[in-house]
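Colleague: data.txt is reproduced in full below (compact mmCIF, C-alpha atoms and all ligand atoms).
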# COMPACT_ATOMS: atom_id res chain seq x y z
CA MET C 1 91.63 79.90 193.34
CA THR C 2 89.26 77.58 191.48
CA GLN C 3 89.86 76.99 187.77
CA GLN C 4 87.16 78.55 185.57
CA PRO C 5 85.73 76.28 182.84
CA LEU C 6 87.52 76.38 179.48
CA ARG C 7 86.05 78.99 177.11
CA ILE C 8 86.17 78.23 173.38
CA VAL C 9 85.76 81.37 171.30
CA ALA C 10 85.63 81.54 167.48
CA CYS C 11 86.44 84.84 165.78
CA GLN C 12 84.56 85.18 162.49
CA ASN C 13 83.43 87.59 159.81
CA PHE C 14 82.98 86.45 156.21
CA LYS C 15 84.40 89.76 154.99
CA GLY C 16 88.21 89.83 154.73
CA GLY C 17 90.43 92.25 156.62
CA THR C 18 88.09 93.14 159.50
CA ALA C 19 90.86 92.51 162.11
CA LYS C 20 89.96 88.92 163.06
CA THR C 21 93.59 87.80 163.39
CA THR C 22 94.67 91.03 165.09
CA THR C 23 91.81 90.71 167.58
CA VAL C 24 92.60 87.07 168.41
CA ILE C 25 96.32 87.72 168.88
CA SER C 26 95.80 90.92 170.89
CA ILE C 27 93.17 89.52 173.28
CA ALA C 28 95.03 86.21 173.64
CA HIS C 29 98.28 87.93 174.56
CA CYS C 30 96.51 90.35 176.89
CA LEU C 31 95.04 87.37 178.78
CA VAL C 32 98.42 85.64 178.95
CA ARG C 33 99.93 88.76 180.48
CA HIS C 34 97.21 88.57 183.13
CA GLY C 35 98.18 85.05 184.10
CA LYS C 36 95.95 82.97 181.81
CA LYS C 37 96.92 80.01 179.64
CA VAL C 38 95.61 80.35 176.09
CA LEU C 39 95.58 78.39 172.82
CA ILE C 40 95.12 79.99 169.40
CA VAL C 41 93.95 77.71 166.58
CA ASP C 42 94.61 79.21 163.14
CA LEU C 43 91.96 77.99 160.68
CA ASP C 44 93.14 80.19 157.82
CA ALA C 45 95.53 78.95 155.13
CA GLN C 46 97.04 82.46 154.99
CA GLY C 47 98.85 81.41 158.17
CA SER C 48 98.75 84.92 159.62
CA VAL C 49 98.92 83.85 163.26
CA GLY C 50 102.39 82.31 162.94
CA VAL C 51 103.61 85.15 160.74
CA SER C 52 102.36 87.85 163.12
CA LEU C 53 103.88 86.17 166.16
CA GLY C 54 107.11 85.33 164.30
CA VAL C 55 106.89 81.58 164.95
CA GLU C 56 106.94 78.46 162.81
CA ALA C 57 106.04 74.87 163.58
CA GLU C 58 107.13 71.55 162.17
CA TYR C 59 103.53 70.31 162.29
CA GLY C 60 100.30 72.25 162.32
CA LEU C 61 96.58 71.99 161.84
CA TYR C 62 96.80 70.17 158.51
CA ASP C 63 98.88 67.43 160.10
CA LEU C 64 96.40 67.15 162.97
CA LEU C 65 93.26 67.07 160.82
CA ILE C 66 94.41 65.12 157.79
CA ASP C 67 97.59 63.22 158.66
CA ASN C 68 96.48 62.09 162.12
CA ARG C 69 99.51 63.56 163.89
CA THR C 70 99.04 63.77 167.64
CA LEU C 71 97.87 66.98 169.19
CA SER C 72 101.03 67.37 171.26
CA ASP C 73 103.15 67.00 168.09
CA CYS C 74 101.29 69.88 166.46
CA LEU C 75 101.18 72.40 169.33
CA ILE C 76 103.84 75.04 169.80
CA GLU C 77 104.35 77.57 172.59
CA ALA C 78 104.73 80.92 170.83
CA ARG C 79 105.14 82.86 174.08
CA PRO C 80 105.12 81.53 177.65
CA ASN C 81 101.58 80.19 178.19
CA LEU C 82 100.48 81.20 174.67
CA PHE C 83 100.11 78.03 172.63
CA CYS C 84 99.29 77.81 168.93
CA LEU C 85 98.13 75.31 166.37
CA LEU C 86 99.38 76.93 163.20
CA ALA C 87 98.12 76.91 159.64
CA ASP C 88 99.88 77.35 156.33
CA GLN C 89 99.03 77.00 152.65
CA SER C 90 98.68 73.23 153.02
CA LEU C 91 95.46 73.90 154.88
CA ALA C 92 93.86 75.05 151.61
CA ALA C 93 93.87 71.42 150.46
CA CYS C 94 91.91 70.46 153.57
CA GLU C 95 88.63 71.63 152.11
CA THR C 96 88.79 69.19 149.22
CA LEU C 97 89.99 66.35 151.44
CA LEU C 98 87.33 66.95 154.09
CA VAL C 99 84.41 67.06 151.64
CA ALA C 100 84.33 63.27 151.40
CA GLN C 101 84.63 62.63 155.14
CA PRO C 102 81.65 61.65 157.29
CA ARG C 103 80.56 64.29 159.85
CA ARG C 104 83.14 66.57 158.32
CA GLU C 105 82.00 69.59 160.35
CA GLU C 106 82.93 67.82 163.59
CA ILE C 107 86.51 66.85 162.79
CA LEU C 108 88.16 69.77 164.60
CA LYS C 109 86.09 69.09 167.72
CA ARG C 110 87.04 65.40 167.65
CA ARG C 111 90.74 66.07 167.06
CA LEU C 112 90.87 68.63 169.89
CA SER C 113 88.98 66.45 172.35
CA GLY C 114 92.27 65.40 174.00
CA LEU C 115 93.18 69.00 174.85
CA SER C 116 92.20 68.71 178.51
CA GLU C 117 94.59 65.78 178.92
CA ILE C 118 97.49 67.90 177.68
CA PHE C 119 96.49 71.04 179.59
CA ALA C 120 94.35 70.59 182.67
CA ASP C 121 94.59 74.33 183.28
CA LEU C 122 93.91 75.89 179.87
CA ASP C 123 91.65 78.97 180.19
CA VAL C 124 90.68 79.92 176.65
CA VAL C 125 90.86 78.55 173.09
CA PHE C 126 90.57 81.18 170.34
CA ILE C 127 89.85 80.09 166.79
CA ASP C 128 90.97 82.52 164.09
CA CYS C 129 88.72 81.86 161.07
CA SER C 130 89.27 82.62 157.40
CA PRO C 131 86.93 85.11 155.72
CA SER C 132 84.88 82.40 154.01
CA LEU C 133 81.99 80.07 154.59
CA SER C 134 84.19 77.00 154.31
CA ILE C 135 84.04 73.56 155.91
CA LEU C 136 86.77 74.73 158.30
CA SER C 137 84.66 77.75 159.32
CA GLN C 138 81.75 75.38 160.01
CA ASN C 139 84.14 73.24 162.09
CA ALA C 140 84.97 76.32 164.16
CA LEU C 141 81.30 76.88 165.03
CA VAL C 142 80.67 73.24 165.84
CA TYR C 143 83.64 73.25 168.25
CA ALA C 144 83.20 76.72 169.78
CA ASP C 145 80.81 77.81 172.52
CA GLU C 146 81.13 81.52 171.86
CA LEU C 147 81.47 83.79 168.86
CA LEU C 148 83.35 87.07 168.55
CA ILE C 149 82.62 89.21 165.49
CA PRO C 150 84.98 92.04 164.52
CA ILE C 151 83.28 94.50 162.16
CA SER C 152 85.31 97.19 160.41
CA MET C 153 83.57 100.51 159.94
CA ASP C 154 82.19 99.94 156.45
CA TYR C 155 79.02 98.57 154.93
CA LEU C 156 80.51 95.36 153.46
CA SER C 157 81.84 94.32 156.82
CA MET C 158 78.31 94.57 158.24
CA VAL C 159 77.07 92.41 155.35
CA GLY C 160 79.82 89.86 156.14
CA ALA C 161 78.68 89.86 159.78
CA ASN C 162 75.04 89.32 158.72
CA HIS C 163 76.16 86.23 156.82
CA VAL C 164 77.85 84.99 160.00
CA PHE C 165 74.53 85.33 161.87
CA ASP C 166 72.59 83.56 159.07
CA ASN C 167 75.07 80.70 159.03
CA LEU C 168 75.05 80.53 162.83
CA GLY C 169 71.30 79.91 162.73
CA MET C 170 71.83 76.97 160.36
CA ILE C 171 74.59 75.45 162.50
CA GLU C 172 72.53 75.82 165.67
CA GLU C 173 69.54 74.13 164.09
CA TYR C 174 71.47 71.35 162.40
CA PHE C 175 73.82 70.51 165.27
CA GLU C 176 71.25 71.30 167.99
CA LYS C 177 73.58 73.59 169.88
CA LYS C 178 73.47 77.20 170.97
CA LEU C 179 76.42 79.53 170.58
CA LYS C 180 76.74 82.61 172.73
CA ILE C 181 77.64 85.85 170.98
CA ALA C 182 80.56 86.94 173.17
CA GLY C 183 80.59 90.32 171.49
CA ILE C 184 80.71 92.44 168.36
CA ILE C 185 83.89 94.49 168.08
CA PRO C 186 83.84 97.66 165.98
CA THR C 187 87.32 97.84 164.43
CA PHE C 188 89.24 100.49 162.44
CA PHE C 189 87.16 103.13 164.24
CA ASP C 190 88.04 106.70 163.28
CA LYS C 191 85.96 109.40 164.95
CA ARG C 192 86.92 111.96 162.26
CA VAL C 193 85.18 109.88 159.60
CA ASN C 194 81.39 110.05 159.28
CA MET C 195 81.13 106.48 158.03
CA SER C 196 82.75 105.26 161.25
CA LYS C 197 80.20 107.05 163.41
CA GLU C 198 77.30 105.90 161.20
CA VAL C 199 78.31 102.25 161.23
CA LEU C 200 78.96 102.29 164.98
CA SER C 201 75.55 103.77 165.74
CA ALA C 202 73.87 101.31 163.32
CA LEU C 203 75.58 98.44 165.17
CA GLN C 204 74.51 99.80 168.56
CA ASP C 205 70.88 100.21 167.36
CA ARG C 206 70.84 96.69 166.03
CA TYR C 207 72.85 94.71 168.56
CA GLY C 208 72.66 96.85 171.72
CA SER C 209 74.81 95.64 174.59
CA LEU C 210 76.55 93.02 172.43
CA VAL C 211 78.59 95.85 170.91
CA LEU C 212 81.92 96.17 172.73
CA PRO C 213 83.99 99.37 172.87
CA PRO C 214 85.54 100.16 169.46
CA VAL C 215 89.17 99.57 168.54
CA ARG C 216 90.47 102.81 167.08
CA ILE C 217 92.45 102.87 163.86
CA ASP C 218 96.11 102.65 164.78
CA THR C 219 99.07 102.10 162.45
CA LYS C 220 101.00 100.67 165.43
CA LEU C 221 99.08 97.42 164.88
CA LYS C 222 100.59 97.07 161.41
CA GLN C 223 104.02 98.02 162.72
CA ALA C 224 103.67 95.49 165.53
CA SER C 225 102.87 92.60 163.20
CA SER C 226 105.74 93.59 160.85
CA ALA C 227 108.02 93.46 163.90
CA ARG C 228 106.47 90.03 164.77
CA LYS C 229 105.21 91.44 168.05
CA THR C 230 101.83 91.71 169.67
CA ILE C 231 100.59 95.23 170.36
CA PHE C 232 101.39 94.68 174.05
CA GLU C 233 105.00 93.86 173.23
CA PHE C 234 105.28 96.66 170.69
CA ASN C 235 103.53 99.54 172.48
CA GLU C 236 101.07 98.70 175.20
CA LYS C 237 100.11 102.35 175.71
CA SER C 238 99.13 102.80 172.06
CA ARG C 239 95.47 103.46 171.19
CA ALA C 240 95.00 99.88 170.05
CA GLY C 241 96.77 98.52 173.12
CA LEU C 242 94.45 100.47 175.43
CA ASP C 243 91.35 99.55 173.41
CA TYR C 244 92.14 95.83 173.35
CA LEU C 245 92.89 95.91 177.08
CA GLN C 246 89.45 97.40 177.74
CA ILE C 247 87.77 94.77 175.53
CA CYS C 248 89.70 92.03 177.25
CA GLU C 249 88.53 93.25 180.67
CA GLU C 250 84.90 93.28 179.49
CA LEU C 251 85.06 89.83 177.89
CA PHE C 252 87.08 88.16 180.64
CA PRO C 253 86.23 89.96 183.91
N1 LIG C 301 92.57 99.06 164.45
C1 LIG C 301 93.40 98.94 163.40
N2 LIG C 301 94.03 100.04 162.91
C2 LIG C 301 94.89 99.94 161.87
N3 LIG C 301 95.22 98.79 161.27
C3 LIG C 301 94.65 97.65 161.73
C4 LIG C 301 93.72 97.66 162.80
N4 LIG C 301 93.31 96.38 163.04
C5 LIG C 301 93.97 95.62 162.15
N5 LIG C 301 94.78 96.37 161.35
C6 LIG C 301 95.64 95.92 160.24
O1 LIG C 301 94.77 95.59 159.16
C7 LIG C 301 95.25 94.45 158.47
C8 LIG C 301 94.18 93.35 158.45
O2 LIG C 301 94.01 92.89 159.79
P1 LIG C 301 93.84 91.34 160.09
O3 LIG C 301 94.83 90.54 159.36
O4 LIG C 301 93.77 91.21 161.57
O5 LIG C 301 92.38 91.10 159.47
P2 LIG C 301 91.66 89.71 159.21
O6 LIG C 301 90.20 89.96 159.42
O7 LIG C 301 92.27 88.64 160.02
O8 LIG C 301 91.97 89.48 157.67
P3 LIG C 301 91.65 88.15 156.82
O9 LIG C 301 90.18 88.21 156.55
O10 LIG C 301 92.50 88.30 155.60
O11 LIG C 301 92.02 86.99 157.68
C9 LIG C 301 96.53 94.03 159.17
O12 LIG C 301 97.62 94.60 158.47
C10 LIG C 301 96.41 94.66 160.55
O13 LIG C 301 97.68 94.98 161.12
MG MG C 302 93.01 86.78 159.46
Before anything else, please render the file you have as structure tokens.

Modeller:
Amino acid sequence: MTQQPLRIVACQNFKGGTAKTTTVISIAHCLVRHGKKVLIVDLDAQGSVGVSLGVEAEYGLYDLLIDNRTLSDCLIEARPNLFCLLADQSLAACETLLVAQPRREEILKRRLSGLSEIFADLDVVFIDCSPSLSILSQNALVYADELLIPISMDYLSMVGANHVFDNLGMIEEYFEKKLKIAGIIPTFFDKRVNMSKEVLSALQDRYGSLVLPPVRIDTKLKQASSARKTIFEFNEKSRAGLDYLQICEELFP
């Protein structure tokens, strides 16, 4: 079987708590279970990727970006074939340190350029962004080829997504690149709640076929991350497990 080209997908919404981290971890682990090799890059100083997967690393993204540690020093394998570059609070200092650097929006791309030498057969890189328009978020867009936007079923989340689109336009113009919108994921969908149905239909009117099937509200996701498990380890037949599987099949046929 021929190796497909590496896909680099950033997950972004400038509103907090729209399920960016949950989406990255769930889709990444779903792909791994289907035989793919995946890397998650955590660009958020909250460090939720490591916490949710129950893993720690001696070195992480801060060491790679600021302290010039090698990429192989900073990578960990959280599950077989699921690799991570983790973040922690130290990453918060990155913003201030990066401000003074030349071409500061391209640092992540430069520091990850050796990835293909470490893994010839990597299938996907996911970048879990923080809910802010930071230098690190700009780095994600400069490095990525595709963008995934989780939108929770409320008005502010749609506003946060609009800001992502506005910023995307600026990045595309300035860096003369085009990012593909891989998809918009309606999250925390609850069919009993009018607001959910209203926001979903507004998204479908506005973005048409870019809107992926919704992820239903499911407390098992919270329980899974407290147990340091992905939804597929915790309960693959749960609503969220089934919904993320369907999304995964649409995004990675
Ligand atoms: N479909 C869902 N149903 C119920 N709870 C969910 C769902 N998706 C995510 N959650 C829970 O909501 C919380 C926020 O999710 P998550 O951390 O993925 O959001 P985020 O967008 O990454 O947040 P931040 O902006 O802070 O990085 C977590 O506790 C997660 O377990
Ligand atoms: Mg997050």

Colleague: If we count only C-alpha atoms, what is near range 130-136 of chain C at a cut-off of 9 Å, once residues fewer than 5 positions away on the same chain are taken out, given as a list in words?

Modeller: Gln12, Asn13, Phe14, Lys15, Gly16, Gly17, Thr18, Lys20, Asp42, Leu43, Asp44, Ala45, Gln46, Cys94, Glu95, Leu98, Val99, Arg104, Glu105, Leu108, Leu141, Gly160, His163, Val164 and Asn167 of chain C

Colleague: I'd like the neighbourhood of Ser201 in chain C as a ChimeraX atom specification, where a residue qualifies if any of its atoms comes within 12 Å (using all atoms listed in the file), though same-chain residues fewer than 2 positions away should be ignored.

Modeller: /C:153,186,189,191,194-199,203-208,211,213-214

Colleague: What is the atom C5 of ligand LIG 301 (chain C)-CA of Ala144 in chain C distance in Å, reported with one decimal?

Modeller: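 The value is 23.1 Å.
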
Colleague: Restricting the calculation to all atoms listed in the file, which member of C:Phe83, C:Val41, C:Leu6, C:Asp218 is positioned closest to Ile231 in chain C?

Modeller: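 Once distances to Ile231 in chain C are computed over all atoms listed in the file, the minimum belongs to C:Asp218.
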
Colleague: Taking all atoms listed in the file into account, which of C:Glu117, C:Asp128, C:Glu172, C:Asp154 comes nearest ligand MG 302 (chain C)?

Modeller: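 Of all the options, C:Asp128 lies closest to ligand MG 302 (chain C).
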
Colleague: Please indicate the distance in Å from CA of Ala57 in chain C to CA of Pro80 in chain C, rounded to one decimal place.

Modeller: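 A separation of 15.6 Å between them.
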
Colleague: Calculate how many Å separate CA of Ala92 in chain C from CA of Ser137 in chain C, rounding to one decimal.

Modeller: 12.3 Å
